Structure formats: C-alpha cells, structure tokens
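Containing mmCIF, C-alpha atoms: final_36.cif.
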```cif
data_coords
loop_
_atom_site.group_PDB
_atom_site.id
_atom_site.type_symbol
_atom_site.label_atom_id
_atom_site.label_comp_id
_atom_site.auth_asym_id
_atom_site.auth_seq_id
_atom_site.Cartn_x
_atom_site.Cartn_y
_atom_site.Cartn_z
ATOM 1 C CA MET L 1353 215.764 221.839 -116.741
ATOM 2 C CA PRO L 1354 211.950 221.935 -116.301
ATOM 3 C CA LYS L 1355 210.394 219.758 -113.614
ATOM 4 C CA HIS L 1356 208.120 216.958 -114.686
ATOM 5 C CA ILE L 1357 204.885 216.776 -112.701
ATOM 6 C CA ASP L 1358 203.019 213.468 -112.887
ATOM 7 C CA MET L 1359 199.332 214.323 -112.645
ATOM 8 C CA LYS L 1360 198.113 210.810 -113.405
ATOM 9 C CA GLN L 1361 199.720 208.895 -110.555
ATOM 10 C CA PRO L 1362 198.028 210.767 -107.674
ATOM 11 C CA ILE L 1363 194.662 210.159 -109.379
ATOM 12 C CA LEU L 1364 195.421 206.462 -109.732
ATOM 13 C CA ASP L 1365 196.674 206.220 -106.140
ATOM 14 C CA LYS L 1366 193.438 207.725 -104.809
ATOM 15 C CA ASN L 1367 191.395 205.488 -107.106
ATOM 16 C CA ASP L 1368 193.273 202.378 -105.970
ATOM 17 C CA ALA L 1369 192.784 203.200 -102.296
ATOM 18 C CA ILE L 1370 189.006 203.375 -102.749
ATOM 19 C CA ALA L 1371 189.119 200.229 -104.896
ATOM 20 C CA ARG L 1372 190.797 198.330 -102.045
ATOM 21 C CA GLU L 1373 188.006 199.414 -99.697
ATOM 22 C CA LEU L 1374 185.400 198.287 -102.219
ATOM 23 C CA ARG L 1375 187.094 194.947 -102.782
ATOM 24 C CA GLN L 1376 187.001 194.213 -99.061
ATOM 25 C CA ARG L 1377 183.384 195.320 -98.880
ATOM 26 C CA PHE L 1378 182.451 192.999 -101.735
ATOM 27 C CA ALA L 1379 184.399 190.126 -100.178
ATOM 28 C CA ASP L 1380 182.681 190.590 -96.824
ATOM 29 C CA ALA L 1381 179.287 190.463 -98.554
ATOM 30 C CA GLY L 1382 180.224 187.491 -100.755
ATOM 31 C CA VAL L 1383 179.534 189.465 -103.942
ATOM 32 C CA PHE L 1384 181.399 188.776 -107.175
ATOM 33 C CA VAL L 1385 182.038 191.857 -109.315
ATOM 34 C CA LEU L 1386 182.668 191.771 -113.062
ATOM 35 C CA ASP L 1387 184.009 194.843 -114.867
ATOM 36 C CA LEU L 1388 182.946 194.549 -118.507
ATOM 37 C CA LEU L 1389 185.003 196.513 -121.042
ATOM 38 C CA ALA L 1390 184.221 197.102 -124.718
ATOM 39 C CA SER L 1391 183.903 199.746 -127.380
ATOM 40 C CA PRO L 1392 180.545 201.342 -128.289
ATOM 41 C CA GLY L 1393 178.365 199.075 -130.385
ATOM 42 C CA SER L 1394 180.096 195.841 -129.417
ATOM 43 C CA GLY L 1395 176.992 194.477 -127.719
ATOM 44 C CA LYS L 1396 177.787 195.028 -124.039
ATOM 45 C CA THR L 1397 174.176 195.433 -122.971
ATOM 46 C CA SER L 1398 172.908 192.514 -125.049
ATOM 47 C CA THR L 1399 175.690 190.350 -123.604
ATOM 48 C CA ILE L 1400 174.737 191.418 -120.089
ATOM 49 C CA LEU L 1401 171.070 190.608 -120.727
ATOM 50 C CA ALA L 1402 171.976 187.178 -122.129
ATOM 51 C CA THR L 1403 174.252 186.537 -119.152
ATOM 52 C CA ILE L 1404 171.520 187.504 -116.700
ATOM 53 C CA ASP L 1405 169.069 185.170 -118.432
ATOM 54 C CA ALA L 1406 171.559 182.301 -118.137
ATOM 55 C CA LEU L 1407 172.403 182.916 -114.466
ATOM 56 C CA ARG L 1408 169.276 184.399 -112.870
ATOM 57 C CA ASP L 1409 167.995 181.058 -111.544
ATOM 58 C CA GLU L 1410 171.100 180.614 -109.375
ATOM 59 C CA PHE L 1411 172.367 184.109 -108.626
ATOM 60 C CA ASN L 1412 170.908 187.457 -107.581
ATOM 61 C CA ILE L 1413 172.315 190.028 -109.983
ATOM 62 C CA ALA L 1414 172.571 193.815 -110.227
ATOM 63 C CA VAL L 1415 174.099 195.989 -112.929
ATOM 64 C CA ILE L 1416 175.986 199.277 -112.700
ATOM 65 C CA GLU L 1417 175.725 201.100 -116.024
ATOM 66 C CA GLY L 1418 178.425 203.550 -117.011
ATOM 67 C CA ASP L 1419 177.741 206.024 -119.811
ATOM 68 C CA ILE L 1420 178.840 209.512 -120.716
ATOM 69 C CA ALA L 1421 175.147 210.467 -120.884
ATOM 70 C CA SER L 1422 171.624 208.973 -120.926
ATOM 71 C CA SER L 1423 170.096 206.024 -119.068
ATOM 72 C CA VAL L 1424 168.987 203.981 -122.075
ATOM 73 C CA ASP L 1425 170.942 200.853 -121.177
ATOM 74 C CA ALA L 1426 169.958 200.940 -117.504
ATOM 75 C CA GLU L 1427 166.307 201.117 -118.514
ATOM 76 C CA LYS L 1428 166.756 198.024 -120.709
ATOM 77 C CA ILE L 1429 168.223 196.137 -117.734
ATOM 78 C CA LYS L 1430 165.453 197.264 -115.377
ATOM 79 C CA ALA L 1431 162.819 196.237 -117.910
ATOM 80 C CA GLN L 1432 164.095 192.659 -117.563
ATOM 81 C CA GLY L 1433 163.538 192.750 -113.793
ATOM 82 C CA THR L 1434 167.132 193.311 -112.724
ATOM 83 C CA ALA L 1435 168.300 196.113 -110.421
ATOM 84 C CA ALA L 1436 170.362 198.697 -112.294
ATOM 85 C CA VAL L 1437 172.154 201.849 -111.186
ATOM 86 C CA GLN L 1438 173.080 204.453 -113.798
ATOM 87 C CA ILE L 1439 176.332 206.420 -113.659
ATOM 88 C CA ASN L 1440 176.718 209.315 -116.099
ATOM 89 C CA THR L 1441 180.315 210.469 -116.259
ATOM 90 C CA GLY L 1442 179.535 213.772 -117.973
ATOM 91 C CA GLY L 1443 182.337 213.334 -120.490
ATOM 92 C CA ALA L 1444 184.841 211.110 -118.692
ATOM 93 C CA CYS L 1445 185.855 208.122 -120.818
ATOM 94 C CA HIS L 1446 185.940 205.614 -117.940
ATOM 95 C CA LEU L 1447 184.486 204.757 -114.559
ATOM 96 C CA GLU L 1448 186.446 205.321 -111.354
ATOM 97 C CA SER L 1449 186.199 203.609 -107.991
ATOM 98 C CA ALA L 1450 184.648 206.681 -106.325
ATOM 99 C CA MET L 1451 181.771 206.482 -108.808
ATOM 100 C CA ILE L 1452 181.316 202.786 -108.066
ATOM 101 C CA ARG L 1453 181.265 203.478 -104.331
ATOM 102 C CA ARG L 1454 178.388 205.906 -104.750
ATOM 103 C CA ALA L 1455 176.496 203.436 -106.931
ATOM 104 C CA VAL L 1456 177.047 200.561 -104.502
ATOM 105 C CA ASP L 1457 175.615 202.634 -101.656
ATOM 106 C CA VAL L 1458 172.144 202.319 -103.205
ATOM 107 C CA LEU L 1459 172.402 198.527 -103.608
ATOM 108 C CA ASP L 1460 171.687 195.922 -100.936
ATOM 109 C CA LEU L 1461 174.897 193.888 -101.115
ATOM 110 C CA ASP L 1462 173.604 191.282 -98.686
ATOM 111 C CA ARG L 1463 170.985 190.284 -101.262
ATOM 112 C CA LEU L 1464 173.378 190.063 -104.216
ATOM 113 C CA ASP L 1465 175.713 187.438 -105.632
ATOM 114 C CA LEU L 1466 176.907 189.228 -108.762
ATOM 115 C CA ILE L 1467 177.364 192.831 -109.834
ATOM 116 C CA ILE L 1468 178.122 193.457 -113.493
ATOM 117 C CA ILE L 1469 179.704 196.831 -114.205
ATOM 118 C CA GLU L 1470 179.185 197.988 -117.779
ATOM 119 C CA ASN L 1471 182.077 200.381 -118.191
ATOM 120 C CA VAL L 1472 182.027 203.345 -120.555
ATOM 121 C CA GLY L 1473 182.509 202.257 -124.174
ATOM 122 C CA ASN L 1474 186.251 202.616 -124.635
ATOM 123 C CA LEU L 1475 189.186 200.255 -125.233
ATOM 124 C CA VAL L 1476 191.854 202.481 -123.667
ATOM 125 C CA CYS L 1477 191.003 204.564 -120.573
ATOM 126 C CA PRO L 1478 189.181 201.954 -118.411
ATOM 127 C CA THR L 1479 192.169 199.597 -118.355
ATOM 128 C CA ASP L 1480 194.060 201.765 -115.844
ATOM 129 C CA PHE L 1481 191.315 202.051 -113.226
ATOM 130 C CA ASP L 1482 190.750 199.409 -110.576
ATOM 131 C CA LEU L 1483 187.086 199.353 -109.516
ATOM 132 C CA GLY L 1484 187.422 196.738 -106.787
ATOM 133 C CA GLU L 1485 186.271 194.061 -109.216
ATOM 134 C CA ASN L 1486 187.053 190.358 -109.040
ATOM 135 C CA MET L 1487 187.816 190.265 -112.721
ATOM 136 C CA LYS L 1488 187.731 192.225 -115.956
ATOM 137 C CA ALA L 1489 186.318 190.801 -119.169
ATOM 138 C CA MET L 1490 186.245 192.468 -122.538
ATOM 139 C CA ILE L 1491 183.970 192.153 -125.543
ATOM 140 C CA LEU L 1492 185.010 192.587 -129.142
ATOM 141 C CA SER L 1493 182.406 192.313 -131.882
ATOM 142 C CA VAL L 1494 183.183 190.830 -135.275
ATOM 143 C CA PRO L 1495 182.366 194.060 -137.211
ATOM 144 C CA GLU L 1496 185.141 195.864 -135.308
ATOM 145 C CA GLY L 1497 187.786 193.760 -137.048
ATOM 146 C CA HIS L 1498 190.290 191.069 -136.146
ATOM 147 C CA ASP L 1499 193.169 193.564 -135.830
ATOM 148 C CA LYS L 1500 191.982 195.175 -132.589
ATOM 149 C CA PRO L 1501 194.328 193.157 -130.310
ATOM 150 C CA LEU L 1502 197.228 194.677 -132.261
ATOM 151 C CA LYS L 1503 195.828 198.198 -131.971
ATOM 152 C CA TYR L 1504 194.643 198.009 -128.349
ATOM 153 C CA PRO L 1505 196.845 195.392 -126.658
ATOM 154 C CA GLY L 1506 196.365 196.763 -123.146
ATOM 155 C CA VAL L 1507 192.705 195.837 -122.773
ATOM 156 C CA PHE L 1508 193.378 192.291 -123.955
ATOM 157 C CA GLN L 1509 196.302 191.942 -121.552
ATOM 158 C CA VAL L 1510 194.344 193.012 -118.457
ATOM 159 C CA SER L 1511 191.227 190.964 -119.208
ATOM 160 C CA ASP L 1512 190.545 187.704 -117.397
ATOM 161 C CA ALA L 1513 188.251 186.586 -120.233
ATOM 162 C CA VAL L 1514 187.690 187.686 -123.837
ATOM 163 C CA ILE L 1515 184.301 187.504 -125.555
ATOM 164 C CA LEU L 1516 183.993 187.631 -129.333
ATOM 165 C CA ASN L 1517 180.434 188.794 -129.960
ATOM 166 C CA LYS L 1518 178.276 188.871 -133.099
ATOM 167 C CA ALA L 1519 179.989 185.707 -134.310
ATOM 168 C CA ASP L 1520 177.007 185.017 -136.554
ATOM 169 C CA THR L 1521 178.065 187.985 -138.729
ATOM 170 C CA MET L 1522 181.494 186.528 -139.501
ATOM 171 C CA PRO L 1523 180.550 185.473 -143.065
ATOM 172 C CA VAL L 1524 179.563 189.073 -143.835
ATOM 173 C CA PHE L 1525 182.753 190.743 -142.618
ATOM 174 C CA ASP L 1526 186.392 190.272 -143.520
ATOM 175 C CA PHE L 1527 187.200 188.858 -140.081
ATOM 176 C CA ASN L 1528 190.173 186.505 -139.781
ATOM 177 C CA GLU L 1529 189.285 184.415 -136.735
ATOM 178 C CA GLU L 1530 192.597 182.564 -136.714
ATOM 179 C CA ALA L 1531 194.609 185.806 -136.763
ATOM 180 C CA PHE L 1532 192.420 187.235 -134.000
ATOM 181 C CA THR L 1533 192.803 184.148 -131.802
ATOM 182 C CA ASP L 1534 196.564 184.036 -132.338
ATOM 183 C CA SER L 1535 196.904 187.715 -131.381
ATOM 184 C CA VAL L 1536 194.837 187.246 -128.225
ATOM 185 C CA ARG L 1537 196.826 184.151 -127.224
ATOM 186 C CA GLN L 1538 200.120 186.020 -127.646
ATOM 187 C CA LEU L 1539 198.921 188.891 -125.484
ATOM 188 C CA ASN L 1540 197.088 186.837 -122.856
ATOM 189 C CA PRO L 1541 197.532 183.064 -123.026
ATOM 190 C CA GLN L 1542 195.600 182.467 -119.774
ATOM 191 C CA ALA L 1543 192.332 184.205 -120.661
ATOM 192 C CA PRO L 1544 189.581 181.940 -122.018
ATOM 193 C CA LEU L 1545 188.053 183.074 -125.301
ATOM 194 C CA PHE L 1546 184.297 182.754 -125.815
ATOM 195 C CA LYS L 1547 182.650 183.108 -129.237
ATOM 196 C CA ILE L 1548 179.015 184.170 -128.877
ATOM 197 C CA SER L 1549 176.056 185.780 -130.578
ATOM 198 C CA ALA L 1550 174.401 187.485 -127.632
ATOM 199 C CA THR L 1551 171.109 188.400 -129.273
ATOM 200 C CA LYS L 1552 170.626 184.847 -130.570
ATOM 201 C CA GLY L 1553 172.004 183.086 -127.500
ATOM 202 C CA ASP L 1554 174.644 181.137 -129.408
ATOM 203 C CA GLY L 1555 177.681 180.323 -127.258
ATOM 204 C CA VAL L 1556 176.309 182.148 -124.210
ATOM 205 C CA ASP L 1557 175.984 178.946 -122.163
ATOM 206 C CA ALA L 1558 179.730 178.243 -122.252
ATOM 207 C CA TRP L 1559 180.473 181.791 -121.085
ATOM 208 C CA ALA L 1560 177.813 181.619 -118.373
ATOM 209 C CA VAL L 1561 179.032 178.236 -117.075
ATOM 210 C CA TRP L 1562 182.582 179.564 -116.788
ATOM 211 C CA LEU L 1563 181.441 182.768 -115.054
ATOM 212 C CA ALA L 1564 179.259 180.788 -112.641
ATOM 213 C CA ASP L 1565 182.311 178.745 -111.635
ATOM 214 C CA GLN L 1566 184.205 181.963 -110.841
ATOM 215 C CA ILE L 1567 181.315 183.252 -108.719
ATOM 216 C CA ARG L 1568 180.999 180.015 -106.761
ATOM 217 C CA ALA L 1569 184.733 180.000 -106.067
ATOM 218 C CA VAL L 1570 184.436 183.397 -104.370
ATOM 219 C CA GLN L 1571 181.391 182.375 -102.336
ATOM 220 C CA ARG L 1572 182.909 179.237 -100.839
#
```

What would you get if you wrote out this structure as structure tokens?
Amino acid sequence: MPKHIDMKQPILDKNDAIARELRQRFADAGVFVLDLLASPGSGKTSTILATIDALRDEFNIAVIEGDIASSVDAEKIKAQGTAAVQINTGGACHLESAMIRRAVDVLDLDRLDLIIIENVGNLVCPTDFDLGENMKAMILSVPEGHDKPLKYPGVFQVSDAVILNKADTMPVFDFNEEAFTDSVRQLNPQAPLFKISATKGDGVDAWAVWLADQIRAVQR
C-alpha cells in the first residue's frame, strides 16, 4: 500500500509558528491587524481607502498590499498619505506569515494603531493561512452574485465580519439579498454583515464604527 505524504501540514505548521510570533509582536506594540479577504474586482482597495478616511482622525494606519504582481494598489494607498508596503507573491494565490514578517520589518509599529492587510484576490487559498491578525473580514461585491456563500463556504466561516460592497448596483444585477443574508447567517451567525458602497461612502460609517470598537478593545 503506498504511503501518503502530507505536504500541506508542514507548510501550515511553519506558517502558524511565525504567525504566533507576529501576533505577540503586534500585541506588544498595541497594533490591531485586519486581514481583508476578497476576490479580484470586489472593491478591496476602495473599501480600504474609505475605511482609512473614516478612521484616520483617531488611528494611525498602514496597509500591506498583497498581489501576484504590480504595485498599483499600494500606489493608490500612498497617494492618500498612508504608509503602504507592497508584497508581490510571484504567482502564489495567498499571503503567508513569513511574507508579512518581512513587510512588518519596514514599518514602525510603535507609531501605528491599525494595519490592514489586503490579501491576494482569492476566496479559497487565504483562508488556511494565519497571518498573526486580530481578525479576518471578507468582501463580496453584488456583481459576484448572491450564491457565493454556497460555493465558497470556508471564507465566510472564518471571517469575523462580512462586507457586501457595491450595494448601489443591486437594482442592476439579479442579486437576492435575502438569500445571501440567510446563507451567511447559516454559515456564520456571529459575524456582523455590513452593506456598503465604498466609492460613494454609503454604509461605510457603520463598518468603521464597528472596526474602531474592535481596535479600542485591543488597545485597552
């Protein structure tokens, strides 16, 4: 009988060990870390920019941008006056804690309250990798369809908050909000659900108020 060799578990074990080190490092510095998950085109960067605008008066914020290639999103963040570190994975479909450690080394943690990690656009791979974050949140945009919780249950189950973005486009698309909400509640009854339109600012305040409460709780 052939032997089964698990290649994934050693990778995850190494990742988790570094993530534990990072989590302690963040805790010592009083920095809250948000790992933001979403598929390409969902509006991750626009949501981050809207979140920064809502929180910048109270918190010092930096962003770690994860992409397979390019630095387009990091440049958008920097243009708004926020520190941003770009990670290019070179093909990998997710960020890992070792990548975050290298990015954090160029940030001054003592000056920060919040780090937002924009993970690589993917609804599958990033769910398995602990980055030392305080919480994961995921974004789904209305054009992606209300059936995504049924197709990608894992990302909804691991998320501490769910953001439905581009809500202003709901009349244009065949999006069943009730079916979507019911599916999310079945998978993750504890996670708050925020309906926003990031580029217009609609609904962002409720999300930002909730996130600010989570940050303050860590800093006490």

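Note that the spacing between atom CA of Ala1379 of chain L and atom CA of Asp1409 of chain L amounts to 21.9 Å.
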
message: Suppose a student applies the PyMOL selection byres ((chain L and resi 1537) around 12) to this structure; what residues should they get, written as an MDAnalysis selection string?
response: chainID L and resid 1501:1502 1505 1508:1509 1511 1513:1514 1530:1536 1538:1545

- request: Can you turn the PyMOL selection byres ((chain L and resi 1466-1472) around 7) into a concrete residue list for this file, as JSON, numbers by chain?
  value: {"L": [1383, 1384, 1385, 1386, 1387, 1388, 1389, 1411, 1412, 1413, 1414, 1415, 1416, 1417, 1418, 1419, 1420, 1445, 1446, 1447, 1464, 1465, 1473, 1474]}

task: Take the point (180.5, 183.2, -99.6) in the file's coordinates, draw a sphere of radius 9 Å around it, and report as a PyMOL selection string every protein, DNA or RNA residue with an atom inside or on it, counting all atoms listed in the file.
output: chain L and resi 1379-1383+1465+1568-1572

field: Which of L:Phe1481, L:Phe1546, L:Phe1378, L:Phe1527 sits closest to Trp1559 of chain L [using only C-alpha atoms]
entry: L:Phe1546

Atom pair atom CA of Arg1453 of chain L / atom CA of Ile1439 of chain L: separation (Å): 11.0 Å

task: Tell me, as a PyMOL selection string, which residues lie within 9 Å of Leu1401 of chain L, counting only C-alpha atoms; anything in the same chain fewer than 6 positions away does not count.
output: chain L and resi 1428-1429+1432+1550-1551

- request: Write out as a ChimeraX atom specification the residues lying within 9 Å of segment 1366-1371 of chain L, counting all atoms listed in the file and excluding same-chain residues fewer than 4 positions away.
  value: /L:1361-1362,1375-1376,1448-1450,1452-1453,1481-1485

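Counting all atoms listed in the file, the residue from L:Ile1567, L:Ala1489, L:Val1524, L:Ala1426 that sits nearest to Asp1512 of chain L is L:Ala1489.
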
field: d(atom CA of Ser1549 of chain L, atom CA of Ala1519 of chain L) in Å
entry: 5.4 Å

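Distances here use all atoms listed in the file; by that measure, the residue among L:Met1451, L:Ala1421, L:Ala1431, L:Leu1492 closest to Glu1529 of chain L is L:Leu1492.
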
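You can rank L:Ile1400, L:Pro1392, L:Leu1364, L:Gln1438 by their closest distance to Thr1479 of chain L using only C-alpha atoms, and at the top of that list sits L:Leu1364.
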
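Among the candidates L:Asp1526, L:Asp1425, L:Asp1462, L:Asp1457, the residue lying nearest to Asp1499 of chain L is L:Asp1526 (atoms considered: all atoms listed in the file).
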
message: Taking (185.0, 196.5, -123.9) as a centre in this file's frame and 6 Å as the limit, can you find every polymer residue with an atom that close, using all atoms listed in the file, and give them as a PyMOL selection string?
response: chain L and resi 1389-1391+1475+1490-1491

task: Give the answer as one residue: which of L:Lys1396, L:Leu1459, L:Ala1560, L:Met1487 has the shortest atom-to-atom distance to Arg1408 of chain L, using only C-alpha atoms?
output: L:Ala1560

If the box runs along x, y and z of the file and leaves 6 Å on each side of segment 1499-1508 of chain L, what are its centre and edge lengths in Å, one decimal, as JSON?
```
{"center_x": 194.6, "center_y": 195.2, "center_z": -129.3, "size_x": 17.2, "size_y": 17.9, "size_z": 25.1}
```

task: Any chance you could resolve the PyMOL selection byres ((chain L and resi 1520) around 9) against this file and give the residues as a VMD selection string?
output: chain L and resid 1494 1517 to 1519 1521 to 1524 1548 to 1549 1552 1554

Serialized segment 1502-1534 of chain L w/ N, CA and C atoms as a PDB file, in the first residue's frame:
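Writing the result to decode.pdb gives the following:
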```pdb
ATOM      1  N   LEU L1502     -22.577  29.737  -0.830  1.00  0.00           N
ATOM      2  CA  LEU L1502     -22.790  28.313  -1.082  1.00  0.00           C
ATOM      3  C   LEU L1502     -21.600  27.698  -1.810  1.00  0.00           C
ATOM      4  N   LYS L1503     -20.957  28.495  -2.657  1.00  0.00           N
ATOM      5  CA  LYS L1503     -19.830  27.986  -3.442  1.00  0.00           C
ATOM      6  C   LYS L1503     -18.498  28.045  -2.695  1.00  0.00           C
ATOM      7  N   TYR L1504     -18.361  29.042  -1.815  1.00  0.00           N
ATOM      8  CA  TYR L1504     -17.112  29.236  -1.074  1.00  0.00           C
ATOM      9  C   TYR L1504     -17.411  29.383   0.421  1.00  0.00           C
ATOM     10  N   PRO L1505     -17.949  28.353   1.046  1.00  0.00           N
ATOM     11  CA  PRO L1505     -18.370  28.499   2.452  1.00  0.00           C
ATOM     12  C   PRO L1505     -17.237  28.786   3.416  1.00  0.00           C
ATOM     13  N   GLY L1506     -16.035  28.290   3.103  1.00  0.00           N
ATOM     14  CA  GLY L1506     -14.917  28.414   4.035  1.00  0.00           C
ATOM     15  C   GLY L1506     -14.580  29.840   4.391  1.00  0.00           C
ATOM     16  N   VAL L1507     -14.530  30.723   3.409  1.00  0.00           N
ATOM     17  CA  VAL L1507     -14.136  32.108   3.665  1.00  0.00           C
ATOM     18  C   VAL L1507     -15.190  32.827   4.507  1.00  0.00           C
ATOM     19  N   PHE L1508     -16.449  32.474   4.330  1.00  0.00           N
ATOM     20  CA  PHE L1508     -17.496  33.070   5.152  1.00  0.00           C
ATOM     21  C   PHE L1508     -17.450  32.532   6.580  1.00  0.00           C
ATOM     22  N   GLN L1509     -17.059  31.288   6.734  1.00  0.00           N
ATOM     23  CA  GLN L1509     -16.994  30.688   8.072  1.00  0.00           C
ATOM     24  C   GLN L1509     -15.851  31.242   8.908  1.00  0.00           C
ATOM     25  N   VAL L1510     -14.726  31.575   8.283  1.00  0.00           N
ATOM     26  CA  VAL L1510     -13.564  32.045   9.047  1.00  0.00           C
ATOM     27  C   VAL L1510     -13.573  33.550   9.282  1.00  0.00           C
ATOM     28  N   SER L1511     -14.468  34.270   8.625  1.00  0.00           N
ATOM     29  CA  SER L1511     -14.461  35.727   8.709  1.00  0.00           C
ATOM     30  C   SER L1511     -15.166  36.225   9.958  1.00  0.00           C
ATOM     31  N   ASP L1512     -14.573  37.240  10.581  1.00  0.00           N
ATOM     32  CA  ASP L1512     -15.167  37.857  11.764  1.00  0.00           C
ATOM     33  C   ASP L1512     -16.173  38.938  11.392  1.00  0.00           C
ATOM     34  N   ALA L1513     -16.161  39.361  10.128  1.00  0.00           N
ATOM     35  CA  ALA L1513     -17.130  40.324   9.616  1.00  0.00           C
ATOM     36  C   ALA L1513     -17.240  40.102   8.115  1.00  0.00           C
ATOM     37  N   VAL L1514     -18.430  40.365   7.578  1.00  0.00           N
ATOM     38  CA  VAL L1514     -18.690  40.223   6.141  1.00  0.00           C
ATOM     39  C   VAL L1514     -19.177  41.567   5.611  1.00  0.00           C
ATOM     40  N   ILE L1515     -18.560  42.010   4.524  1.00  0.00           N
ATOM     41  CA  ILE L1515     -18.931  43.278   3.888  1.00  0.00           C
ATOM     42  C   ILE L1515     -19.515  42.975   2.519  1.00  0.00           C
ATOM     43  N   LEU L1516     -20.719  43.468   2.273  1.00  0.00           N
ATOM     44  CA  LEU L1516     -21.332  43.383   0.954  1.00  0.00           C
ATOM     45  C   LEU L1516     -21.138  44.735   0.277  1.00  0.00           C
ATOM     46  N   ASN L1517     -20.253  44.765  -0.711  1.00  0.00           N
ATOM     47  CA  ASN L1517     -19.886  46.017  -1.365  1.00  0.00           C
ATOM     48  C   ASN L1517     -20.649  46.199  -2.688  1.00  0.00           C
ATOM     49  N   LYS L1518     -20.613  47.427  -3.179  1.00  0.00           N
ATOM     50  CA  LYS L1518     -21.308  47.815  -4.409  1.00  0.00           C
ATOM     51  C   LYS L1518     -22.806  47.606  -4.283  1.00  0.00           C
ATOM     52  N   ALA L1519     -23.329  47.874  -3.086  1.00  0.00           N
ATOM     53  CA  ALA L1519     -24.759  47.675  -2.832  1.00  0.00           C
ATOM     54  C   ALA L1519     -25.621  48.564  -3.706  1.00  0.00           C
ATOM     55  N   ASP L1520     -25.059  49.673  -4.177  1.00  0.00           N
ATOM     56  CA  ASP L1520     -25.821  50.581  -5.031  1.00  0.00           C
ATOM     57  C   ASP L1520     -26.133  49.975  -6.399  1.00  0.00           C
ATOM     58  N   THR L1521     -25.434  48.879  -6.755  1.00  0.00           N
ATOM     59  CA  THR L1521     -25.675  48.236  -8.054  1.00  0.00           C
ATOM     60  C   THR L1521     -26.717  47.125  -7.967  1.00  0.00           C
ATOM     61  N   MET L1522     -27.296  46.917  -6.804  1.00  0.00           N
ATOM     62  CA  MET L1522     -28.230  45.809  -6.621  1.00  0.00           C
ATOM     63  C   MET L1522     -29.404  45.842  -7.613  1.00  0.00           C
ATOM     64  N   PRO L1523     -29.958  47.009  -7.927  1.00  0.00           N
ATOM     65  CA  PRO L1523     -31.069  47.021  -8.897  1.00  0.00           C
ATOM     66  C   PRO L1523     -30.668  46.549 -10.297  1.00  0.00           C
ATOM     67  N   VAL L1524     -29.383  46.606 -10.601  1.00  0.00           N
ATOM     68  CA  VAL L1524     -28.909  46.258 -11.943  1.00  0.00           C
ATOM     69  C   VAL L1524     -28.663  44.757 -12.082  1.00  0.00           C
ATOM     70  N   PHE L1525     -28.336  44.107 -10.976  1.00  0.00           N
ATOM     71  CA  PHE L1525     -27.965  42.696 -11.014  1.00  0.00           C
ATOM     72  C   PHE L1525     -29.046  41.827 -10.365  1.00  0.00           C
ATOM     73  N   ASP L1526     -29.066  40.585 -10.758  1.00  0.00           N
ATOM     74  CA  ASP L1526     -30.025  39.633 -10.198  1.00  0.00           C
ATOM     75  C   ASP L1526     -29.472  39.102  -8.882  1.00  0.00           C
ATOM     76  N   PHE L1527     -29.448  39.989  -7.880  1.00  0.00           N
ATOM     77  CA  PHE L1527     -28.860  39.651  -6.576  1.00  0.00           C
ATOM     78  C   PHE L1527     -29.984  39.520  -5.557  1.00  0.00           C
ATOM     79  N   ASN L1528     -30.104  38.326  -4.975  1.00  0.00           N
ATOM     80  CA  ASN L1528     -31.134  38.067  -3.971  1.00  0.00           C
ATOM     81  C   ASN L1528     -30.530  38.321  -2.590  1.00  0.00           C
ATOM     82  N   GLU L1529     -30.774  39.512  -2.059  1.00  0.00           N
ATOM     83  CA  GLU L1529     -30.159  39.890  -0.785  1.00  0.00           C
ATOM     84  C   GLU L1529     -30.621  38.999   0.358  1.00  0.00           C
ATOM     85  N   GLU L1530     -31.879  38.626   0.349  1.00  0.00           N
ATOM     86  CA  GLU L1530     -32.398  37.769   1.426  1.00  0.00           C
ATOM     87  C   GLU L1530     -31.732  36.393   1.406  1.00  0.00           C
ATOM     88  N   ALA L1531     -31.579  35.817   0.216  1.00  0.00           N
ATOM     89  CA  ALA L1531     -30.914  34.512   0.102  1.00  0.00           C
ATOM     90  C   ALA L1531     -29.461  34.603   0.541  1.00  0.00           C
ATOM     91  N   PHE L1532     -28.789  35.695   0.142  1.00  0.00           N
ATOM     92  CA  PHE L1532     -27.401  35.904   0.544  1.00  0.00           C
ATOM     93  C   PHE L1532     -27.280  35.999   2.065  1.00  0.00           C
ATOM     94  N   THR L1533     -28.113  36.828   2.674  1.00  0.00           N
ATOM     95  CA  THR L1533     -28.058  37.017   4.127  1.00  0.00           C
ATOM     96  C   THR L1533     -28.345  35.721   4.858  1.00  0.00           C
ATOM     97  N   ASP L1534     -29.339  34.977   4.395  1.00  0.00           N
ATOM     98  CA  ASP L1534     -29.669  33.696   5.033  1.00  0.00           C
ATOM     99  C   ASP L1534     -28.499  32.724   4.957  1.00  0.00           C
TER     100      ASP L1534
END
```
